[in-house]
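File shown: final-v8.cif. Contents: mmCIF, C-alpha atoms.
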data_model
loop_
_atom_site.label_atom_id
_atom_site.label_comp_id
_atom_site.auth_asym_id
_atom_site.auth_seq_id
_atom_site.Cartn_x
_atom_site.Cartn_y
_atom_site.Cartn_z
CA MET N 1 16.77 -45.80 -0.32
CA TYR N 2 15.56 -43.31 2.24
CA LYS N 3 17.83 -40.72 0.73
CA SER N 4 16.32 -41.02 -2.72
CA TYR N 5 12.85 -41.00 -1.21
CA ALA N 6 13.67 -37.80 0.66
CA CYS N 7 15.06 -36.27 -2.53
CA THR N 8 11.91 -37.14 -4.42
CA MET N 9 9.81 -35.62 -1.65
CA ILE N 10 11.81 -32.41 -1.60
CA TYR N 11 11.63 -32.28 -5.38
CA ALA N 12 7.87 -32.79 -5.25
CA ILE N 13 7.46 -30.06 -2.65
CA LEU N 14 9.56 -27.71 -4.74
CA ILE N 15 7.51 -28.44 -7.83
CA TYR N 16 4.36 -27.89 -5.81
CA LEU N 17 5.61 -24.57 -4.44
CA LEU N 18 6.76 -23.36 -7.83
CA SER N 19 3.59 -24.45 -9.54
CA GLY N 20 1.79 -22.39 -6.93
CA VAL N 21 2.38 -19.36 -9.09
CA GLY N 22 2.45 -21.25 -12.34
CA SER N 23 -0.39 -21.12 -14.80
CA GLY N 24 -1.18 -24.83 -14.80
CA ALA N 25 -4.40 -25.41 -16.67
CA GLU N 26 -5.27 -28.27 -14.33
CA GLN N 27 -5.57 -25.98 -11.36
CA LEU N 28 -7.97 -23.83 -13.25
CA ASP N 29 -10.32 -26.70 -14.02
CA ILE N 30 -10.24 -28.01 -10.48
CA LYS N 31 -11.05 -24.64 -9.06
CA TYR N 32 -13.88 -23.88 -11.42
CA ASP N 33 -15.75 -26.93 -10.24
CA THR N 34 -15.23 -26.14 -6.58
CA PRO N 35 -17.82 -24.20 -4.62
CA VAL N 36 -16.62 -20.80 -3.45
CA ASP N 37 -16.75 -21.57 0.24
CA SER N 38 -14.39 -24.50 -0.11
CA MET N 39 -12.22 -22.97 -2.80
CA ASN N 40 -8.54 -23.22 -2.10
CA ILE N 41 -6.61 -20.04 -2.19
CA ARG N 42 -2.86 -20.01 -1.72
CA VAL N 43 -2.10 -18.14 1.49
CA MET N 44 1.53 -17.63 2.35
CA ASP N 45 3.80 -15.63 4.61
CA TYR N 46 6.68 -13.54 3.30
CA ASP N 47 9.25 -16.28 3.87
CA GLN N 48 7.29 -18.40 1.42
CA LEU N 49 6.66 -15.56 -1.02
CA LYS N 50 10.23 -14.27 -1.15
CA PRO N 51 11.72 -17.11 -3.26
CA LEU N 52 9.00 -16.50 -5.83
CA LEU N 53 10.21 -12.89 -6.14
CA HIS N 54 13.80 -13.99 -6.73
CA GLN N 55 13.67 -16.62 -9.44
CA ASP N 56 16.65 -16.91 -11.69
CA ASN N 57 15.33 -18.06 -15.04
CA ASP N 58 14.33 -16.60 -18.41
CA THR N 59 10.81 -15.71 -17.39
CA THR N 60 9.67 -12.13 -16.93
CA TYR N 61 7.55 -11.91 -13.81
CA VAL N 62 4.98 -9.19 -13.27
CA VAL N 63 3.97 -9.17 -9.62
CA ASN N 64 1.10 -6.88 -8.74
CA PHE N 65 0.26 -6.14 -5.09
CA TRP N 66 -3.42 -5.43 -4.67
CA ALA N 67 -6.55 -5.98 -2.59
CA THR N 68 -10.28 -6.09 -3.26
CA TRP N 69 -10.75 -3.11 -0.92
CA CYS N 70 -8.38 -1.02 -3.06
CA ALA N 71 -10.44 0.69 -5.79
CA PRO N 72 -7.54 1.68 -8.09
CA CYS N 73 -6.20 -1.89 -7.81
CA VAL N 74 -9.49 -3.39 -8.93
CA GLN N 75 -9.60 -0.92 -11.83
CA GLU N 76 -6.19 -1.86 -13.17
CA ILE N 77 -6.47 -5.65 -12.84
CA PRO N 78 -8.04 -6.09 -16.32
CA TYR N 79 -4.93 -4.49 -17.87
CA PHE N 80 -2.71 -7.05 -16.18
CA VAL N 81 -4.92 -9.86 -17.43
CA GLN N 82 -4.78 -8.37 -20.96
CA LEU N 83 -1.01 -8.20 -20.69
CA ASP N 84 -0.94 -11.86 -19.73
CA SER N 85 -2.97 -12.80 -22.80
CA ILE N 86 -0.65 -10.76 -25.06
CA TYR N 87 2.31 -12.78 -23.77
CA SER N 88 0.61 -16.13 -23.44
CA ASN N 89 3.28 -17.69 -25.68
CA ALA N 90 6.23 -15.84 -24.17
CA PRO N 91 8.25 -16.61 -21.03
CA PHE N 92 5.96 -14.41 -18.99
CA GLN N 93 4.25 -14.91 -15.66
CA LEU N 94 1.65 -12.74 -13.97
CA VAL N 95 1.25 -13.00 -10.19
CA LEU N 96 -1.43 -11.08 -8.30
CA VAL N 97 -0.46 -10.90 -4.63
CA SER N 98 -3.56 -10.10 -2.61
CA LEU N 99 -3.23 -8.17 0.63
CA ASP N 100 -6.85 -8.65 1.53
CA PHE N 101 -7.86 -8.86 5.17
CA LYS N 102 -8.29 -12.30 6.64
CA LYS N 103 -11.95 -11.62 7.38
CA ASP N 104 -12.52 -10.97 3.67
CA TYR N 105 -10.97 -14.10 2.12
CA VAL N 106 -14.22 -16.01 1.79
CA ARG N 107 -16.64 -13.11 1.75
CA LYS N 108 -14.90 -10.87 -0.80
CA LEU N 109 -11.67 -12.21 -2.23
CA MET N 110 -12.79 -15.66 -3.34
CA PRO N 111 -15.95 -14.47 -5.12
CA PHE N 112 -13.89 -11.77 -6.84
CA VAL N 113 -11.27 -14.27 -7.97
CA LYS N 114 -13.92 -16.59 -9.30
CA GLU N 115 -15.92 -13.88 -11.06
CA ARG N 116 -12.84 -12.44 -12.77
CA LYS N 117 -11.34 -15.88 -13.47
CA LEU N 118 -8.12 -15.02 -11.69
CA GLU N 119 -7.47 -18.47 -10.21
CA ASN N 120 -4.20 -18.85 -12.09
CA TYR N 121 -2.72 -15.65 -10.81
CA VAL N 122 -3.81 -14.97 -7.25
CA LEU N 123 -2.04 -15.80 -4.05
CA VAL N 124 -2.49 -14.16 -0.67
CA LEU N 125 0.29 -12.67 1.42
CA GLU N 126 -0.61 -12.92 5.09
CA ASP N 127 2.21 -11.56 7.20
CA ASN N 128 2.14 -8.86 9.86
CA ARG N 129 5.79 -7.99 9.41
CA ALA N 130 4.96 -5.32 6.78
CA ASN N 131 7.65 -3.02 8.13
CA TYR N 132 10.16 -5.72 7.16
CA TRP N 133 8.82 -7.06 3.90
CA ILE N 134 7.76 -3.78 2.24
CA ASP N 135 11.43 -2.71 2.22
CA ASP N 136 12.59 -6.20 1.35
CA ILE N 137 10.39 -6.22 -1.74
CA ASP N 138 11.57 -2.75 -2.74
CA GLN N 139 13.18 0.05 -0.74
CA SER N 140 11.30 2.67 -2.75
CA TRP N 141 7.87 1.24 -1.85
CA SER N 142 6.03 3.33 0.74
CA GLY N 143 3.42 0.61 1.29
CA ALA N 144 0.63 2.22 -0.71
CA LEU N 145 -1.45 -0.04 -2.97
CA PRO N 146 -1.42 -0.78 -5.83
CA ALA N 147 2.23 -1.50 -6.50
CA THR N 148 3.93 -3.62 -9.15
CA LEU N 149 7.24 -5.42 -9.30
CA VAL N 150 8.65 -6.49 -12.66
CA PHE N 151 11.69 -8.74 -12.76
CA ASN N 152 13.66 -11.02 -14.98
CA GLY N 153 16.66 -12.57 -13.26
CA GLU N 154 18.71 -9.76 -11.74
CA ARG N 155 16.85 -7.03 -13.58
CA ARG N 156 14.12 -5.49 -11.42
CA THR N 157 11.92 -2.41 -11.49
CA PHE N 158 9.24 -1.35 -9.05
CA TYR N 159 6.24 0.88 -9.68
CA GLU N 160 4.24 2.45 -6.88
CA GLN N 161 1.51 3.68 -9.15
CA THR N 162 -1.76 2.82 -10.86
CA PHE N 163 -1.82 1.80 -14.52
CA HIS N 164 -4.58 3.11 -16.74
CA HIS N 165 -4.08 1.12 -19.93
CA VAL N 166 -2.52 -2.14 -21.02
CA ASP N 167 -0.19 -0.15 -23.31
CA GLU N 168 1.44 1.47 -20.30
CA LEU N 169 2.23 -1.98 -18.94
CA ASN N 170 3.33 -3.25 -22.30
CA GLU N 171 5.88 -0.45 -22.68
CA ILE N 172 7.39 -1.45 -19.35
CA ILE N 173 7.48 -5.16 -20.14
CA LYS N 174 8.95 -4.99 -23.65
CA PRO N 175 12.57 -4.27 -22.62
CA PHE N 176 12.42 -7.20 -20.20
CA LEU N 177 11.34 -9.64 -22.85
CA LYS N 178 13.93 -8.52 -25.41
CA ASN N 179 16.84 -9.30 -23.10
CA MET A 1 6.64 6.26 -39.73
CA LYS A 2 3.20 6.93 -38.39
CA HIS A 3 3.55 3.86 -36.22
CA LEU A 4 6.86 5.07 -34.85
CA PHE A 5 5.39 8.46 -34.06
CA GLY A 6 2.55 6.83 -32.14
CA LYS A 7 5.05 4.81 -30.17
CA LEU A 8 7.04 7.91 -29.36
CA ILE A 9 3.94 9.70 -28.10
CA LEU A 10 3.01 6.73 -25.97
CA THR A 11 6.51 6.50 -24.50
CA LEU A 12 6.53 10.21 -23.72
CA PHE A 13 3.09 9.88 -22.19
CA THR A 14 4.23 7.00 -20.04
CA ILE A 15 7.36 8.83 -18.89
CA THR A 16 5.35 11.94 -18.04
CA LEU A 17 2.84 9.88 -16.14
CA ILE A 18 5.48 8.04 -14.14
CA SER A 19 7.40 11.20 -13.27
CA ALA A 20 4.16 12.93 -12.32
CA ILE A 21 3.31 10.35 -9.68
CA SER A 22 6.74 9.63 -8.33
CA PRO A 23 7.04 10.57 -4.67
CA VAL A 24 8.36 14.07 -4.07
CA ASP A 25 12.10 13.90 -3.53
CA ASN A 26 12.29 16.99 -1.37
CA ALA A 27 9.58 15.79 1.00
CA TYR A 28 10.32 16.02 4.73
CA LYS A 29 12.81 13.58 6.13
CA ILE A 30 13.65 12.82 9.73
CA GLY A 31 15.21 15.94 11.27
CA ASP A 32 13.66 18.39 8.77
CA GLN A 33 11.58 21.26 10.08
CA ALA A 34 8.04 21.13 8.75
CA ALA A 35 6.47 24.35 7.53
CA ASP A 36 3.31 25.32 9.34
CA PHE A 37 0.07 25.13 7.40
CA SER A 38 -3.43 26.48 7.70
CA LEU A 39 -6.22 24.08 6.84
CA LYS A 40 -9.97 24.12 7.29
CA SER A 41 -11.27 22.06 10.17
CA ILE A 42 -14.63 20.29 10.18
CA ASP A 43 -16.01 23.08 12.40
CA GLY A 44 -15.25 25.62 9.67
CA LYS A 45 -12.29 27.21 11.46
CA MET A 46 -8.82 27.44 9.98
CA VAL A 47 -6.30 25.49 12.03
CA SER A 48 -2.52 25.87 11.97
CA LEU A 49 0.00 24.05 14.14
CA ALA A 50 0.85 27.38 15.79
CA SER A 51 -2.81 27.80 16.74
CA ILE A 52 -2.57 24.68 18.91
CA LYS A 53 -0.99 26.19 22.02
CA GLY A 54 1.09 24.78 24.82
CA VAL A 55 2.14 21.51 23.21
CA LYS A 56 5.35 19.45 23.17
CA GLY A 57 4.65 18.12 19.70
CA TYR A 58 2.07 17.09 17.15
CA ILE A 59 0.87 13.72 15.92
CA VAL A 60 0.09 14.64 12.30
CA VAL A 61 -1.90 11.79 10.72
CA PHE A 62 -2.88 11.77 7.07
CA THR A 63 -6.06 9.72 7.13
CA CYS A 64 -9.53 9.64 5.63
CA ASN A 65 -13.05 8.25 5.94
CA THR A 66 -12.94 5.65 3.21
CA CYS A 67 -9.68 3.70 3.29
CA PRO A 68 -10.24 0.41 5.15
CA TYR A 69 -6.83 0.78 6.80
CA ALA A 70 -7.74 4.26 8.00
CA VAL A 71 -11.05 2.92 9.29
CA MET A 72 -9.30 0.11 11.16
CA TYR A 73 -7.13 2.70 12.88
CA GLU A 74 -9.94 5.17 13.63
CA ASP A 75 -10.53 4.03 17.22
CA ARG A 76 -6.80 3.80 17.85
CA ILE A 77 -6.30 7.38 16.62
CA ILE A 78 -9.04 8.54 19.00
CA GLU A 79 -7.36 6.66 21.87
CA LEU A 80 -3.97 8.11 20.94
CA HIS A 81 -5.34 11.63 21.17
CA ASN A 82 -7.12 10.95 24.46
CA LYS A 83 -3.96 9.47 25.92
CA TYR A 84 -1.30 11.81 24.52
CA ALA A 85 -3.00 15.22 24.11
CA PRO A 86 -2.92 15.65 27.93
CA LEU A 87 0.82 14.87 27.76
CA GLY A 88 1.28 17.57 25.11
CA TYR A 89 0.99 15.54 21.90
CA PRO A 90 -2.38 16.14 20.26
CA VAL A 91 -3.49 14.37 17.08
CA VAL A 92 -3.88 16.60 14.02
CA ALA A 93 -5.71 14.52 11.42
CA ILE A 94 -5.59 15.65 7.80
CA ASN A 95 -7.68 14.19 4.98
CA PRO A 96 -5.58 14.53 1.81
CA ASN A 97 -8.01 12.88 -0.62
CA ASP A 98 -9.74 14.64 -3.47
CA SER A 99 -13.49 14.39 -3.03
CA ASP A 100 -14.18 14.27 -6.78
CA VAL A 101 -12.20 11.04 -6.92
CA LYS A 102 -13.49 9.82 -3.54
CA PRO A 103 -16.88 11.40 -2.68
CA GLY A 104 -16.83 9.56 0.65
CA ASP A 105 -13.98 11.82 1.69
CA SER A 106 -15.79 15.11 1.03
CA TYR A 107 -15.84 17.87 3.61
CA SER A 108 -19.44 17.11 4.57
CA ALA A 109 -18.66 13.38 4.80
CA MET A 110 -15.77 14.24 7.12
CA GLN A 111 -18.10 16.32 9.30
CA LEU A 112 -20.56 13.45 9.45
CA ARG A 113 -17.92 10.85 10.34
CA ALA A 114 -16.36 13.08 12.99
CA LYS A 115 -19.78 13.56 14.56
CA GLU A 116 -20.62 9.85 14.48
CA LYS A 117 -17.34 8.93 16.15
CA SER A 118 -17.09 12.10 18.30
CA PHE A 119 -13.55 12.80 17.08
CA PRO A 120 -11.78 14.56 19.97
CA PHE A 121 -9.04 15.89 17.65
CA ASN A 122 -8.78 18.40 14.83
CA TYR A 123 -9.88 16.84 11.55
CA LEU A 124 -8.66 19.03 8.69
CA ILE A 125 -9.08 18.94 4.94
CA ASP A 126 -6.15 19.41 2.55
CA GLU A 127 -8.56 20.81 -0.01
CA LYS A 128 -5.95 22.08 -2.48
CA GLN A 129 -3.78 19.01 -1.93
CA THR A 130 -0.76 21.20 -1.16
CA VAL A 131 0.16 20.02 2.34
CA TYR A 132 0.44 16.24 1.97
CA PRO A 133 3.12 16.48 -0.80
CA LEU A 134 5.29 18.65 1.48
CA PHE A 135 5.21 15.91 4.09
CA GLY A 136 5.71 13.23 1.45
CA ALA A 137 2.63 11.41 2.63
CA THR A 138 1.83 8.63 0.17
CA ARG A 139 -0.87 6.63 1.87
CA THR A 140 -3.58 6.67 4.49
CA PRO A 141 -2.96 6.35 7.35
CA HIS A 142 0.52 7.90 7.34
CA VAL A 143 1.87 9.39 10.58
CA PHE A 144 4.38 12.20 11.10
CA LEU A 145 5.40 12.93 14.69
CA LEU A 146 6.68 16.48 15.07
CA ASP A 147 8.26 18.03 18.14
CA ALA A 148 7.30 21.44 19.57
CA ASN A 149 9.49 23.22 16.99
CA ARG A 150 7.89 21.22 14.15
CA TYR A 151 10.98 19.07 13.54
CA VAL A 152 10.02 15.70 12.06
CA ARG A 153 11.02 12.99 14.55
CA TYR A 154 9.12 9.91 13.40
CA ILE A 155 7.48 8.87 10.11
CA GLY A 156 5.40 5.82 9.42
CA ALA A 157 2.95 3.42 10.95
CA ILE A 158 0.97 3.66 14.18
CA ASP A 159 1.73 0.08 15.18
CA ASP A 160 2.55 -3.30 13.65
CA ASN A 161 -0.92 -4.80 13.31
CA ALA A 162 -3.62 -2.98 11.37
CA GLN A 163 -6.08 -5.84 11.33
CA ASP A 164 -6.07 -6.64 15.03
CA ALA A 165 -5.42 -3.99 17.66
CA SER A 166 -5.34 -6.66 20.38
CA ALA A 167 -2.50 -8.50 18.63
CA VAL A 168 -0.18 -5.49 18.32
CA LYS A 169 3.36 -6.33 19.35
CA ILE A 170 5.13 -3.02 18.65
CA ASN A 171 3.50 0.37 19.21
CA TYR A 172 5.83 2.30 16.92
CA LEU A 173 4.21 5.70 17.41
CA GLN A 174 3.75 5.44 21.18
CA ASP A 175 7.36 4.27 21.52
CA ALA A 176 8.45 7.29 19.45
CA ILE A 177 6.49 9.67 21.71
CA MET A 178 8.01 8.05 24.79
CA ALA A 179 11.47 8.51 23.25
CA LEU A 180 10.80 12.23 22.75
CA GLN A 181 9.47 12.47 26.31
CA SER A 182 12.74 11.11 27.64
CA GLY A 183 14.87 13.27 25.35
CA ASN A 184 15.87 10.53 22.94
CA ASN A 185 15.55 9.99 19.21
CA PRO A 186 12.84 7.50 18.27
CA ASP A 187 14.19 4.13 17.16
CA PRO A 188 13.00 3.12 14.64
CA ALA A 189 12.47 6.64 13.35
CA GLU A 190 10.79 5.33 10.22
CA THR A 191 8.50 2.39 9.60
CA LYS A 192 6.39 1.21 6.71
CA ALA A 193 2.91 -0.22 6.47
CA ILE A 194 0.40 -1.09 3.79
CA GLY A 195 -2.19 1.60 3.12
CA CYS A 196 -4.38 3.21 0.49
CA THR A 197 -2.99 5.61 -2.08
CA ILE A 198 -3.85 9.25 -1.68
CA LYS A 199 -6.54 10.09 -4.22
CA VAL A 200 -5.30 12.91 -6.40
CA LYS A 201 -7.48 15.19 -8.53
CA SER A 202 -7.26 13.98 -12.08
#
Let me see the structure of the file written as structure tokens.
Amino acid sequence: MYKSYACTMIYAILIYLLSGVGSGAEQLDIKYDTPVDSMNIRVMDYDQLKPLLHQDNDTTYVVNFWATWCAPCVQEIPYFVQLDSIYSNAPFQLVLVSLDFKKDYVRKLMPFVKERKLENYVLVLEDNRANYWIDDIDQSWSGALPATLVFNGERRTFYEQTFHHVDELNEIIKPFLKN
Amino acid sequence: MKHLFGKLILTLFTITLISAISPVDNAYKIGDQAADFSLKSIDGKMVSLASIKGVKGYIVVFTCNTCPYAVMYEDRIIELHNKYAPLGYPVVAINPNDSDVKPGDSYSAMQLRAKEKSFPFNYLIDEKQTVYPLFGATRTPHVFLLDANRYVRYIGAIDDNAQDASAVKINYLQDAIMALQSGNNPDPAETKAIGCTIKVKS
């Protein structure tokens, strides 16, 4: 009895964690009706983020590392959102990992997320072990923002660069979706 | 056919763009000897490493006025110079950003910021953006600790906590200087940290 209860709990937690980056429409509605100062934003450390960067399924994940203080990041975000709308019917998932400062979550990040309607995509990485996780995400990453990881199962590419058009992103994504 | 041609152009464009911004492969690595440079300081004088006499090494920091990470480290860079210049390791700060892309990092803005904060160290401008690629600097702040003969001994972050100086657990750069002082190789010799991209003239 206890065992099955525990299994259900673990299953529920897993679903919850996975749906954290999912594009559940419910979340969107809930968040729209919530005032900014009480808006939930998913904050996680790297141990929590890492499994999301190593999912073995048919989905192509585009994971963009950004922050509101990073001007080139803010400029390229619309292209990622456009990309997401292009592949709304494909096994595709956009994740925007914010590296905003803690002091800016409420003051800057949350209003930005709300204004740009990014509730489905954004989570916050809050972890001081940058010297560990930058390399763990990709050895070629120097730590400069913006940076983008694209993966589908074992196939991974990393881009330490700024994108200037949705077409640039699309060219990169196409081979991943073909399989 | 037309469609295919357009695709080809786009692909070529993308490839060119990616290769253009990839980090320089022949940038300095640990153990390489850095070439000296001559860059304009905020007081109008040209400064080279050789012009800084009687030192045991140089703390070369690529930093700027505008990047929030650079700003968070501003006071720490001042403290580093005040602490280590007397021991023979002065800070040499270099702003690598293009001021057309980032007006807040213009020469006059640098002068203003240095005056406001009474920078005790040389604050130089990499106006032609020729020095930072040699070092392989990719972000601000990005530190390169050189010894007296300009050999690169440490590359990376100042410490392990940008947001809160009081919560720092590992002082990477200070540990590296201490290692040099006692005749050892810094360990780690390289670290990584989040920072802002260097703003390149478009």
Could you give me, as a tab-separated table, a per-residue list for chain A showing, wherever an atom lies at most 6 Å from an atom of chain N, the closest pair of atoms and their distance in Å to one decimal, using only C-alpha atoms and sorting by chain then residue number from low to high?
residue	atom	partner	partner_atom	distance
A:Arg139	CA	N:Ala144	CA	5.3
A:Thr191	CA	N:Asn131	CA	5.7
A:Lys192	CA	N:Asn131	CA	4.6
A:Ala193	CA	N:Gly143	CA	5.3
A:Ile194	CA	N:Gly143	CA	4.3
A:Gly195	CA	N:Ala144	CA	4.8
A:Cys196	CA	N:Ala144	CA	5.2
A:Thr197	CA	N:Ala144	CA	5.1
Worksheet entry | atom CA of A:Ser48 to atom CA of A:Asn171, distance in Å rounded to a single decimal |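 For atom CA of A:Ser48 relative to atom CA of A:Asn171, the distance reads 27.2 Å.
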Worksheet entry | Answer as an MDAnalysis selection string, residues within 8 Å of (-13.2, 9.2, 7.7) using only C-alpha atoms | chainID A and resid 63:67 70:71 74 95 104:105 109:110 113:114
Fill in: Explicit residues for the PyMOL selection byres ((chain N and resi 82-87) around 12) (as a PyMOL selection string)
chain N and resi 23+59-63+76-81+88-96+118+120-121+163+165-174+177
Selection to disk with C-alpha atoms, as an mmCIF file, in the coordinates of the input:
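Result file follows (out-v5.cif):
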data_model
loop_
_atom_site.group_PDB
_atom_site.id
_atom_site.type_symbol
_atom_site.label_atom_id
_atom_site.label_comp_id
_atom_site.auth_asym_id
_atom_site.auth_seq_id
_atom_site.Cartn_x
_atom_site.Cartn_y
_atom_site.Cartn_z
ATOM 1 C CA SER N 23 -0.390 -21.120 -14.800
ATOM 2 C CA THR N 59 10.810 -15.710 -17.390
ATOM 3 C CA THR N 60 9.670 -12.130 -16.930
ATOM 4 C CA TYR N 61 7.550 -11.910 -13.810
ATOM 5 C CA VAL N 62 4.980 -9.190 -13.270
ATOM 6 C CA VAL N 63 3.970 -9.170 -9.620
ATOM 7 C CA GLU N 76 -6.190 -1.860 -13.170
ATOM 8 C CA ILE N 77 -6.470 -5.650 -12.840
ATOM 9 C CA PRO N 78 -8.040 -6.090 -16.320
ATOM 10 C CA TYR N 79 -4.930 -4.490 -17.870
ATOM 11 C CA PHE N 80 -2.710 -7.050 -16.180
ATOM 12 C CA VAL N 81 -4.920 -9.860 -17.430
ATOM 13 C CA SER N 88 0.610 -16.130 -23.440
ATOM 14 C CA ASN N 89 3.280 -17.690 -25.680
ATOM 15 C CA ALA N 90 6.230 -15.840 -24.170
ATOM 16 C CA PRO N 91 8.250 -16.610 -21.030
ATOM 17 C CA PHE N 92 5.960 -14.410 -18.990
ATOM 18 C CA GLN N 93 4.250 -14.910 -15.660
ATOM 19 C CA LEU N 94 1.650 -12.740 -13.970
ATOM 20 C CA VAL N 95 1.250 -13.000 -10.190
ATOM 21 C CA LEU N 96 -1.430 -11.080 -8.300
ATOM 22 C CA LEU N 118 -8.120 -15.020 -11.690
ATOM 23 C CA ASN N 120 -4.200 -18.850 -12.090
ATOM 24 C CA TYR N 121 -2.720 -15.650 -10.810
ATOM 25 C CA PHE N 163 -1.820 1.800 -14.520
ATOM 26 C CA HIS N 165 -4.080 1.120 -19.930
ATOM 27 C CA VAL N 166 -2.520 -2.140 -21.020
ATOM 28 C CA ASP N 167 -0.190 -0.150 -23.310
ATOM 29 C CA GLU N 168 1.440 1.470 -20.300
ATOM 30 C CA LEU N 169 2.230 -1.980 -18.940
ATOM 31 C CA ASN N 170 3.330 -3.250 -22.300
ATOM 32 C CA GLU N 171 5.880 -0.450 -22.680
ATOM 33 C CA ILE N 172 7.390 -1.450 -19.350
ATOM 34 C CA ILE N 173 7.480 -5.160 -20.140
ATOM 35 C CA LYS N 174 8.950 -4.990 -23.650
ATOM 36 C CA LEU N 177 11.340 -9.640 -22.850
#
Item to complete: Could you tell me which of A:Pro186, A:Gly44, A:Gly156, A:Pro86 comes closest to A:Phe144 if we count all atoms listed in the file?
Response: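 Of all the options, A:Gly156 lies closest to A:Phe144.
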Fill in: Selection near A:Gln181, 12 Å with all atoms listed in the file, sequence-local residues under 6 positions removed, as a VMD selection string
chain A and resid 56 to 57 84 87 to 89 147 to 148 153 174 to 175
So which residues touch A:Lys169 within 8 Å, counting all atoms listed in the file, skipping near sequence neighbours fewer than 3 positions away, as a PDB file with C-alpha atoms, in the frame of the given file?
ATOM      1  CA  ASP A 159       1.730   0.080  15.180  1.00  0.00           C
ATOM      2  CA  ASP A 160       2.550  -3.300  13.650  1.00  0.00           C
ATOM      3  CA  ASN A 161      -0.920  -4.800  13.310  1.00  0.00           C
TER       4      ASN A 161
END
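Proximity of A:Val91, A:Ile125, A:Val131, A:Leu49 to A:Leu173, computed with only C-alpha atoms, is greatest for A:Val91.
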Applying the PyMOL selection byres ((chain A and resi 97) around 6) to the file I just gave you, which residues come out? Please list them as a PDB file with C-alpha atoms, in the frame of the given file.
ATOM      1  CA  ASN A  95      -7.680  14.190   4.980  1.00  0.00           C
ATOM      2  CA  PRO A  96      -5.580  14.530   1.810  1.00  0.00           C
ATOM      3  CA  ASP A  98      -9.740  14.640  -3.470  1.00  0.00           C
ATOM      4  CA  ILE A 198      -3.850   9.250  -1.680  1.00  0.00           C
ATOM      5  CA  LYS A 199      -6.540  10.090  -4.220  1.00  0.00           C
TER       6      LYS A 199
END
